[in-house]
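Below: my_file36.csv (CSV, C-alpha atoms)
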chain,number,residue,atom,x,y,z
K,45,MET,CA,1.4,17.2,-19.6
K,46,GLU,CA,3.7,14.2,-19.5
K,47,HIS,CA,5.5,15.7,-22.4
K,48,ARG,CA,6.1,18.8,-20.4
K,49,LYS,CA,7.3,16.8,-17.4
K,50,LYS,CA,9.7,14.9,-19.7
K,51,ILE,CA,11.2,18.1,-21.1
K,52,GLN,CA,11.8,19.6,-17.7
K,53,HIS,CA,13.3,16.4,-16.4
K,54,VAL,CA,15.6,16.1,-19.4
K,55,CYS,CA,16.8,19.7,-19.2
K,56,ALA,CA,17.5,19.4,-15.4
K,57,THR,CA,19.4,16.1,-15.6
K,58,SER,CA,21.0,16.1,-19.0
K,59,ARG,CA,24.8,15.7,-19.2
K,60,TYR,CA,24.7,18.1,-22.2
K,61,ALA,CA,23.0,20.9,-20.1
K,62,LEU,CA,26.3,22.6,-19.2
K,63,PRO,CA,28.0,22.4,-22.7
K,64,VAL,CA,24.8,23.8,-24.3
K,65,THR,CA,24.7,26.6,-21.7
K,66,LEU,CA,28.3,27.5,-22.4
K,67,ILE,CA,27.6,27.7,-26.1
K,68,TYR,CA,24.6,29.9,-25.4
K,69,SER,CA,26.7,32.1,-23.2
K,70,VAL,CA,29.4,32.5,-26.0
K,71,LEU,CA,26.7,33.5,-28.4
K,72,MET,CA,25.4,36.1,-25.9
K,73,LEU,CA,29.0,37.5,-25.7
K,74,LEU,CA,29.3,38.0,-29.5
K,75,PRO,CA,27.4,41.3,-29.6
K,76,ALA,CA,30.0,42.8,-27.3
K,77,ILE,CA,32.8,42.4,-29.9
K,78,GLY,CA,34.4,45.8,-30.4
K,79,ILE,CA,33.0,47.3,-27.2
K,80,ASN,CA,35.7,47.0,-24.5
K,81,ILE,CA,36.1,43.4,-25.7
K,82,ALA,CA,39.3,42.7,-23.7
K,83,ASN,CA,37.7,43.5,-20.4
K,84,GLN,CA,34.5,41.6,-21.3
K,85,VAL,CA,36.4,38.5,-22.5
K,86,LEU,CA,38.4,38.5,-19.3
K,87,ALA,CA,35.3,38.8,-17.2
K,88,PHE,CA,33.7,36.0,-19.2
K,89,LEU,CA,36.7,33.7,-18.7
K,90,LEU,CA,36.6,34.4,-14.9
K,91,ILE,CA,32.8,33.7,-14.9
K,92,THR,CA,33.5,30.4,-16.8
K,93,VAL,CA,36.0,29.4,-14.1
K,94,ALA,CA,33.4,30.3,-11.5
K,95,THR,CA,30.9,28.1,-13.3
K,96,PHE,CA,33.1,25.0,-13.1
K,97,LEU,CA,33.7,25.8,-9.4
K,98,MET,CA,29.9,25.8,-9.0
K,99,VAL,CA,30.0,22.3,-10.5
K,100,GLU,CA,32.5,21.3,-7.9
K,101,LEU,CA,30.5,22.9,-5.1
K,102,ASN,CA,27.4,20.9,-6.1
K,103,ASN,CA,29.4,17.6,-6.5
K,104,ARG,CA,31.2,17.9,-3.2
K,105,ASN,CA,28.1,18.7,-1.2
K,106,ALA,CA,25.4,16.9,-3.1
K,107,LEU,CA,23.3,20.1,-3.2
K,108,ILE,CA,20.9,18.4,-5.6
K,109,ARG,CA,20.2,14.8,-4.6
K,110,ILE,CA,20.0,13.6,-8.1
K,111,TYR,CA,22.5,14.0,-11.0
K,112,SER,CA,22.0,17.6,-12.3
K,113,ARG,CA,24.1,20.4,-13.7
K,114,MET,CA,21.4,23.0,-13.0
K,115,VAL,CA,23.4,24.7,-10.2
K,116,SER,CA,26.2,25.7,-12.5
K,117,CYS,CA,23.9,26.3,-15.5
K,118,SER,CA,21.6,28.6,-13.5
K,119,PHE,CA,24.7,30.5,-12.2
K,120,LEU,CA,26.0,31.0,-15.8
K,121,VAL,CA,22.6,31.9,-17.3
K,122,LEU,CA,21.9,34.5,-14.6
K,123,MET,CA,25.4,36.0,-14.9
K,124,MET,CA,24.9,36.3,-18.7
K,125,MET,CA,21.4,37.7,-18.1
K,126,SER,CA,22.9,40.4,-16.1
K,127,ARG,CA,25.0,41.5,-19.1
K,128,PHE,CA,26.4,44.6,-17.4
K,129,LEU,CA,28.4,42.5,-15.0
K,130,LEU,CA,30.8,41.6,-17.9
K,131,GLY,CA,31.7,45.3,-18.1
K,132,ASP,CA,34.1,44.9,-15.1
K,133,TYR,CA,36.4,41.9,-14.8
K,134,ARG,CA,36.5,42.4,-11.0
K,135,ASN,CA,33.0,41.0,-10.8
K,136,GLY,CA,34.4,37.7,-12.1
K,137,ILE,CA,37.2,37.9,-9.4
K,138,VAL,CA,34.5,38.3,-6.7
K,139,ALA,CA,32.6,35.3,-8.1
K,140,VAL,CA,35.6,33.1,-8.1
K,141,GLY,CA,36.7,34.2,-4.6
K,142,ILE,CA,33.3,33.7,-3.0
K,143,ILE,CA,32.8,30.3,-4.5
K,144,VAL,CA,36.3,29.1,-3.5
K,145,ALA,CA,35.7,30.4,0.0
K,146,TYR,CA,32.4,28.4,0.1
K,147,LEU,CA,34.3,25.2,-1.1
K,148,ILE,CA,36.8,25.5,1.7
K,149,LEU,CA,34.3,26.5,4.4
K,150,PHE,CA,31.8,23.8,3.7
K,151,LYS,CA,34.5,21.2,4.3
K,152,ALA,CA,34.6,22.5,7.9
K,153,TYR,CA,31.0,21.3,8.7
K,154,GLN,CA,30.8,20.3,12.3
K,155,ASP,CA,34.6,20.4,12.7
K,156,LYS,CA,35.6,22.4,15.8
K,157,GLN,CA,39.2,21.8,14.8
K,158,SER,CA,38.8,23.6,11.5
K,159,MET,CA,41.3,26.5,12.2
K,160,GLY,CA,43.2,25.7,9.0
K,161,LEU,CA,40.1,25.7,6.8
K,162,MET,CA,38.9,29.0,8.3
K,163,PHE,CA,42.3,30.5,7.8
K,164,TYR,CA,42.5,29.5,4.1
K,165,ALA,CA,38.9,30.6,3.3
K,166,SER,CA,39.6,33.9,5.0
K,167,VAL,CA,42.9,34.3,3.0
K,168,ILE,CA,40.8,33.9,-0.2
K,169,ILE,CA,38.4,36.6,1.0
K,170,GLY,CA,41.4,38.8,1.8
K,171,PHE,CA,42.8,38.5,-1.7
K,172,THR,CA,39.4,39.0,-3.2
K,173,SER,CA,39.1,42.3,-1.4
K,174,PHE,CA,42.0,43.6,-3.6
K,175,ALA,CA,39.4,43.6,-6.4
K,176,TRP,CA,36.5,44.8,-4.2
K,177,ILE,CA,37.5,45.8,-0.7
K,178,GLN,CA,33.8,45.9,0.5
K,179,VAL,CA,33.7,42.1,0.3
K,180,LEU,CA,35.2,42.2,3.8
K,181,VAL,CA,31.7,43.2,5.0
K,182,PHE,CA,30.8,39.5,4.5
K,183,MET,CA,33.2,38.3,7.2
K,184,PRO,CA,30.6,38.8,10.0
K,185,VAL,CA,28.1,36.9,7.8
K,186,ILE,CA,30.7,34.1,7.5
K,187,TRP,CA,31.2,34.0,11.3
K,188,ILE,CA,27.4,33.9,11.9
K,189,PHE,CA,26.7,30.9,9.6
K,190,SER,CA,29.9,29.2,10.8
K,191,ILE,CA,28.4,29.3,14.3
K,192,PHE,CA,24.8,28.3,13.5
K,193,ASN,CA,25.0,26.3,10.3
K,194,LEU,CA,28.5,24.9,9.8
K,195,GLN,CA,28.8,24.5,13.6
K,196,CYS,CA,32.6,24.8,13.3
K,197,MET,CA,33.3,28.1,15.0
K,198,SER,CA,35.5,28.3,18.0
K,199,VAL,CA,37.7,31.0,19.5
K,200,ARG,CA,40.8,29.6,17.7
K,201,SER,CA,39.0,29.4,14.4
K,202,TRP,CA,37.7,32.9,14.8
K,203,ILE,CA,41.3,34.1,15.4
K,204,ALA,CA,42.5,32.1,12.5
K,205,SER,CA,39.9,33.9,10.2
K,206,ILE,CA,41.1,37.3,11.4
K,207,LEU,CA,44.7,36.3,10.7
K,208,GLY,CA,43.7,34.9,7.3
K,209,VAL,CA,41.7,37.9,6.0
K,210,THR,CA,44.5,40.3,7.1
K,211,LEU,CA,47.4,38.3,5.8
K,212,PRO,CA,47.2,39.6,2.2
K,213,TYR,CA,47.4,43.1,3.6
K,214,TRP,CA,50.4,42.4,5.8
K,215,LEU,CA,52.1,41.0,2.7
K,216,VAL,CA,51.3,44.1,0.6
K,217,ILE,CA,52.3,46.5,3.4
K,218,GLY,CA,55.5,44.5,3.9
K,219,GLY,CA,56.3,44.7,0.2
K,220,SER,CA,55.4,48.4,0.0
K,221,TYR,CA,57.6,49.1,3.0
K,222,LEU,CA,60.6,47.6,1.2
K,223,ASN,CA,59.8,49.8,-1.8
K,224,GLY,CA,59.1,52.8,0.3
K,225,THR,CA,55.5,53.1,-0.9
K,226,THR,CA,53.6,52.2,2.3
K,227,THR,CA,51.8,55.6,2.5
K,228,VAL,CA,50.6,55.3,-1.0
K,229,VAL,CA,49.2,51.8,-0.5
K,230,ILE,CA,47.4,52.7,2.7
K,231,ALA,CA,45.9,55.8,1.0
K,232,ARG,CA,44.6,53.7,-1.9
K,233,CYS,CA,43.0,51.2,0.6
K,234,LEU,CA,41.3,54.0,2.5
K,235,ALA,CA,40.1,55.6,-0.8
K,236,GLN,CA,38.4,52.3,-1.7
K,237,LEU,CA,36.5,52.4,1.6
K,238,HIS,CA,35.0,55.8,0.8
K,239,THR,CA,31.2,55.5,0.2
K,240,ALA,CA,30.0,59.0,-0.4
K,241,HIS,CA,28.2,58.4,-3.6
K,242,GLY,CA,24.8,58.9,-2.1
K,243,MET,CA,23.1,56.7,-4.7
K,244,VAL,CA,19.6,55.3,-4.0
K,245,ILE,CA,18.2,52.1,-5.4
K,246,THR,CA,15.8,54.0,-7.7
K,247,GLY,CA,18.9,55.6,-9.2
K,248,LEU,CA,19.8,52.3,-10.9
K,249,ASP,CA,19.1,52.1,-14.7
K,250,ILE,CA,16.3,49.9,-16.0
K,251,HIS,CA,18.6,47.0,-16.9
K,252,LYS,CA,19.9,46.7,-13.4
K,253,LEU,CA,16.4,47.1,-11.8
K,254,VAL,CA,14.8,44.5,-14.1
K,255,SER,CA,17.6,42.0,-13.4
K,256,LEU,CA,17.5,42.6,-9.7
K,257,THR,CA,13.8,42.2,-9.5
K,258,TRP,CA,13.8,39.0,-11.5
K,259,ILE,CA,16.6,37.5,-9.4
K,260,ALA,CA,14.8,38.5,-6.2
K,261,ILE,CA,11.7,36.7,-7.5
K,262,LEU,CA,13.7,33.6,-8.3
K,263,ALA,CA,15.3,33.8,-4.8
K,264,LEU,CA,11.9,34.0,-3.2
K,265,THR,CA,10.6,31.1,-5.3
K,266,GLY,CA,13.5,28.9,-4.5
K,267,THR,CA,13.4,29.7,-0.8
K,268,ILE,CA,9.7,29.0,-0.4
K,269,HIS,CA,10.1,25.7,-2.3
K,270,PHE,CA,13.1,24.6,-0.2
K,271,LEU,CA,11.5,25.5,3.1
K,272,ARG,CA,8.5,23.5,2.2
K,273,HIS,CA,10.4,20.4,1.0
K,274,SER,CA,13.6,20.5,2.9
K,275,TYR,CA,12.6,17.4,4.9
K,276,ASN,CA,13.6,15.4,1.8
K,277,ASP,CA,17.2,16.5,2.1
K,278,SER,CA,19.9,15.5,4.6
K,279,ILE,CA,20.6,17.8,7.6
K,280,HIS,CA,23.9,18.7,6.0
K,281,VAL,CA,22.3,19.9,2.8
K,282,ARG,CA,19.6,21.8,4.8
K,283,MET,CA,22.4,23.7,6.7
K,284,LEU,CA,24.1,24.7,3.5
K,285,PHE,CA,20.9,25.9,1.8
K,286,GLU,CA,20.1,27.9,4.9
K,287,ILE,CA,23.5,29.6,4.4
K,288,PHE,CA,22.5,30.4,0.8
K,289,ILE,CA,19.2,31.9,2.0
K,290,PHE,CA,20.8,33.9,4.9
K,291,THR,CA,23.6,35.2,2.8
K,292,GLY,CA,21.3,36.0,-0.1
K,293,MET,CA,19.0,38.0,2.3
K,294,CYS,CA,22.0,39.9,3.7
K,295,THR,CA,23.1,40.7,0.2
K,296,LEU,CA,19.7,42.1,-0.8
K,297,VAL,CA,19.8,44.3,2.2
K,298,MET,CA,23.3,45.5,1.3
K,299,ILE,CA,22.1,46.3,-2.2
K,300,LEU,CA,19.2,48.4,-0.9
K,301,PHE,CA,21.5,50.4,1.4
K,302,SER,CA,24.6,50.5,-0.8
K,303,PRO,CA,23.5,50.4,-4.4
K,304,GLU,CA,26.8,52.1,-5.5
K,305,TYR,CA,28.2,48.5,-5.1
K,306,PHE,CA,25.4,47.0,-7.1
K,307,GLU,CA,27.4,44.9,-9.5
K,308,PRO,CA,29.6,42.9,-7.1
K,309,LEU,CA,26.7,42.5,-4.7
K,310,LEU,CA,24.5,41.2,-7.5
K,311,THR,CA,27.3,38.7,-8.3
K,312,VAL,CA,27.3,37.5,-4.7
K,313,LEU,CA,23.5,37.3,-4.8
K,314,ILE,CA,23.5,35.2,-8.0
K,315,ILE,CA,25.9,32.7,-6.4
K,316,ASN,CA,23.5,32.2,-3.5
K,317,VAL,CA,20.3,32.2,-5.6
K,318,SER,CA,21.5,29.6,-8.2
K,319,PRO,CA,21.3,26.6,-5.9
K,320,LEU,CA,17.9,27.6,-4.6
K,321,ILE,CA,16.3,28.0,-8.0
K,322,SER,CA,18.1,24.9,-9.3
K,323,HIS,CA,16.6,22.9,-6.4
K,324,TYR,CA,13.2,24.1,-7.4
K,325,MET,CA,13.6,23.4,-11.2
K,326,THR,CA,15.2,20.0,-10.7
K,327,LEU,CA,13.1,18.4,-8.0
K,328,THR,CA,9.6,19.5,-8.9
K,329,ASN,CA,7.2,17.8,-11.2
K,330,THR,CA,3.7,19.1,-10.6
K,331,LYS,CA,1.5,20.7,-13.3
K,332,ILE,CA,2.1,24.2,-11.9
K,333,THR,CA,5.8,23.9,-11.5
K,334,ASN,CA,6.2,22.5,-15.0
K,335,ILE,CA,4.4,25.6,-16.4
K,336,SER,CA,6.6,27.8,-14.2
K,337,PHE,CA,9.7,26.1,-15.6
K,338,TYR,CA,8.9,27.3,-19.1
K,339,PHE,CA,7.9,30.7,-17.7
K,340,ILE,CA,11.3,31.1,-15.9
K,341,VAL,CA,13.3,30.1,-18.9
K,342,ALA,CA,11.3,32.4,-21.2
K,343,ILE,CA,11.5,35.4,-18.9
K,344,THR,CA,15.2,34.9,-18.3
K,345,ILE,CA,16.0,34.7,-22.0
K,346,PHE,CA,13.9,37.8,-22.7
K,347,ILE,CA,15.8,39.8,-20.1
K,348,THR,CA,19.1,38.5,-21.4
K,349,ILE,CA,18.2,39.7,-24.9
K,350,PHE,CA,16.9,43.0,-23.5
K,351,ASN,CA,20.1,43.6,-21.6
K,352,THR,CA,22.4,42.4,-24.4
K,353,TRP,CA,21.0,44.3,-27.3
K,354,THR,CA,20.0,47.6,-25.6
K,355,LEU,CA,22.9,48.2,-23.3

Since I need it in another form, could you write the structure as structure tokens?
Amino acid sequence: MEHRKKIQHVCATSRYALPVTLIYSVLMLLPAIGINIANQVLAFLLITVATFLMVELNNRNALIRIYSRMVSCSFLVLMMMSRFLLGDYRNGIVAVGIIVAYLILFKAYQDKQSMGLMFYASVIIGFTSFAWIQVLVFMPVIWIFSIFNLQCMSVRSWIASILGVTLPYWLVIGGSYLNGTTTVVIARCLAQLHTAHGMVITGLDIHKLVSLTWIAILALTGTIHFLRHSYNDSIHVRMLFEIFIFTGMCTLVMILFSPEYFEPLLTVLIINVSPLISHYMTLTNTKITNISFYFIVAITIFITIFNTWTL
């Protein structure tokens, strides 16, 4: 069993984990050559950028209390497992936007004078909404965890967030007014808000259902582990992980009620699940958790192959 423990520890703390994961991801991309390759390559490049932003998110906030690249590796592996996400580059934009917003917001921890940070994070969400306008639904989620977890919300910072998230639209409307196309721009925005698809969760194909089920299981595993062992982490880290748990739960509910937006919502879910499952895989060393480490890796690779070669 010591051999098993050693392999898990090496995988979780190796400096080569991220480069190896990147090579693995490129190999998983190869079967897509010739199938809308430009779109998929652009999506992959955006996801790669998001992966390195996850590295920065971990480094700045010490999400894992020992050296580890598991947060970024888990994010990249889960994105590649959900192979269908590469079919639309906008999912990559959503990933980059959400992570950048997290990077900015987390700097506002316990800072009641964080109007500037709230404004900049909201501007990022506003620009991200040009790719997927329904991301604006997450603004109330941001306000809630800013009050209870980041403890940085005030009336002025709330107003700053409103101004920030609407600023991109004022810029677009101003530009369209000069060009005489204001009506067209507003009509396009309203068209994106239309949600009359009537899809139910059971209407998703097998690839999406399998991926969602497995990610939900990983989320539950990581959440239970963190809640049981959170006393080992600082209060700051606990607050951030509670954000991941809360946002992940909200995202799952949104998927159940709005499966027509499954892909961008799953992207947001993966961002929040990655730190949770990484915390579990990096900071556990019992006999059961070592076996589960191999099980998680094997199932994830199997689903990746299933989604890659049968889509």

Could the residues of stretch 64-141 of chain K that have an atom at most 12 Å from stretch 268-285 of chain K be listed as a Markdown table, each with its closest atom pair and the distance in Å to one decimal, counting all atoms listed in the file and ordered by chain and ascending residue number?
| residue | atom | partner | partner_atom | distance |
| --- | --- | --- | --- | --- |
| K:Leu101 | CA | K:Leu284 | CA | 10.9 |
| K:Asn102 | CA | K:Val281 | CA | 10.3 |
| K:Asn103 | CA | K:Val281 | CA | 11.9 |
| K:Arg104 | CA | K:Val281 | CA | 10.9 |
| K:Asn105 | CA | K:Val281 | CA | 7.1 |
| K:Ala106 | CA | K:Val281 | CA | 7.3 |
| K:Leu107 | CA | K:Val281 | CA | 6.1 |
| K:Ile108 | CA | K:Val281 | CA | 8.6 |
| K:Arg109 | CA | K:Asp277 | CA | 7.5 |
| K:Ile110 | CA | K:Asp277 | CA | 11.0 |

### Query
Quick one: distance from atom CA of K:Thr265 to atom CA of K:Thr57 in Å, one decimal?
20.2 Å

What are the closest atom pairs, with distances in Å to one decimal, for each residue of stretch 135-247 of chain K lying within 8 Å of stretch 75-96 of chain K, using only C-alpha atoms, rows by chain and rising residue number, as CSV?
residue,atom,partner,partner_atom,distance
K:Asn135,CA,K:Ala87,CA,7.1
K:Gly136,CA,K:Leu90,CA,4.9
K:Ile137,CA,K:Leu90,CA,6.5
K:Ala139,CA,K:Ala94,CA,6.1
K:Val140,CA,K:Ala94,CA,4.9
K:Ile143,CA,K:Ala94,CA,7.0

Could those selected residues go to a file with C-alpha atoms, as a JSON list (two decimals), in the frame of the given file?
[["chain", "number", "residue", "atom", "x", "y", "z"],
["K", 135, "ASN", "CA", 33.00, 41.00, -10.80],
["K", 136, "GLY", "CA", 34.40, 37.70, -12.10],
["K", 137, "ILE", "CA", 37.20, 37.90, -9.40],
["K", 139, "ALA", "CA", 32.60, 35.30, -8.10],
["K", 140, "VAL", "CA", 35.60, 33.10, -8.10],
["K", 143, "ILE", "CA", 32.80, 30.30, -4.50]]

### Task
Point out the residue among K:Cys117, K:Trp187, K:Phe150, K:Pro303 with the least atom-to-atom distance to K:Ser69, counting only C-alpha atoms.
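For K:Ser69, the nearest of the given residues is K:Cys117.
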
### Task
Please indicate the distance in Å from atom CA of K:Glu286 to atom CA of K:Leu66, rounded to one decimal place.
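Those two atoms sit 28.5 Å apart.
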
### Task
Considering all atoms listed in the file, return as a count of residues only whatever protein or nucleic-acid residues lie within 12 Å of K:Arg232, sequence-local ones (same chain, fewer than 6 positions apart) excluded.
7

Could I get the residues of stretch 82-131 of chain K with an atom no further than 6 Å from an atom of stretch 314-321 of chain K, each paired with its nearest atom pair and that distance in Å to one decimal, using all atoms listed in the file, sorted by chain and residue number, as JSON lines?
{"residue": "K:Val115", "atom": "CA", "partner": "K:Pro319", "partner_atom": "CA", "distance": 5.1}
{"residue": "K:Ser118", "atom": "CA", "partner": "K:Ser318", "partner_atom": "CA", "distance": 5.4}
{"residue": "K:Phe119", "atom": "CA", "partner": "K:Ser318", "partner_atom": "CA", "distance": 5.2}

Could you write out that same residue set with C-alpha atoms as an mmCIF file, in the frame of the given file?
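As a result, again.cif now contains:
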data_model
loop_
_atom_site.group_PDB
_atom_site.id
_atom_site.type_symbol
_atom_site.label_atom_id
_atom_site.label_comp_id
_atom_site.auth_asym_id
_atom_site.auth_seq_id
_atom_site.Cartn_x
_atom_site.Cartn_y
_atom_site.Cartn_z
ATOM 1 C CA VAL K 115 23.400 24.700 -10.200
ATOM 2 C CA SER K 118 21.600 28.600 -13.500
ATOM 3 C CA PHE K 119 24.700 30.500 -12.200
#

Could you make a table, as a tab-separated table, of the residues of stretch 88-175 of chain K that have an atom within 7 Å of an atom of stretch 346-355 of chain K, each with its nearest atom pair and distance in Å to one decimal, counting all atoms listed in the file, in chain and number order?
residue	atom	partner	partner_atom	distance
K:Met124	CA	K:Thr348	CA	6.8
K:Met125	CA	K:Thr348	CA	4.1
K:Ser126	CA	K:Thr348	CA	6.8
K:Arg127	CA	K:Asn351	CA	5.9
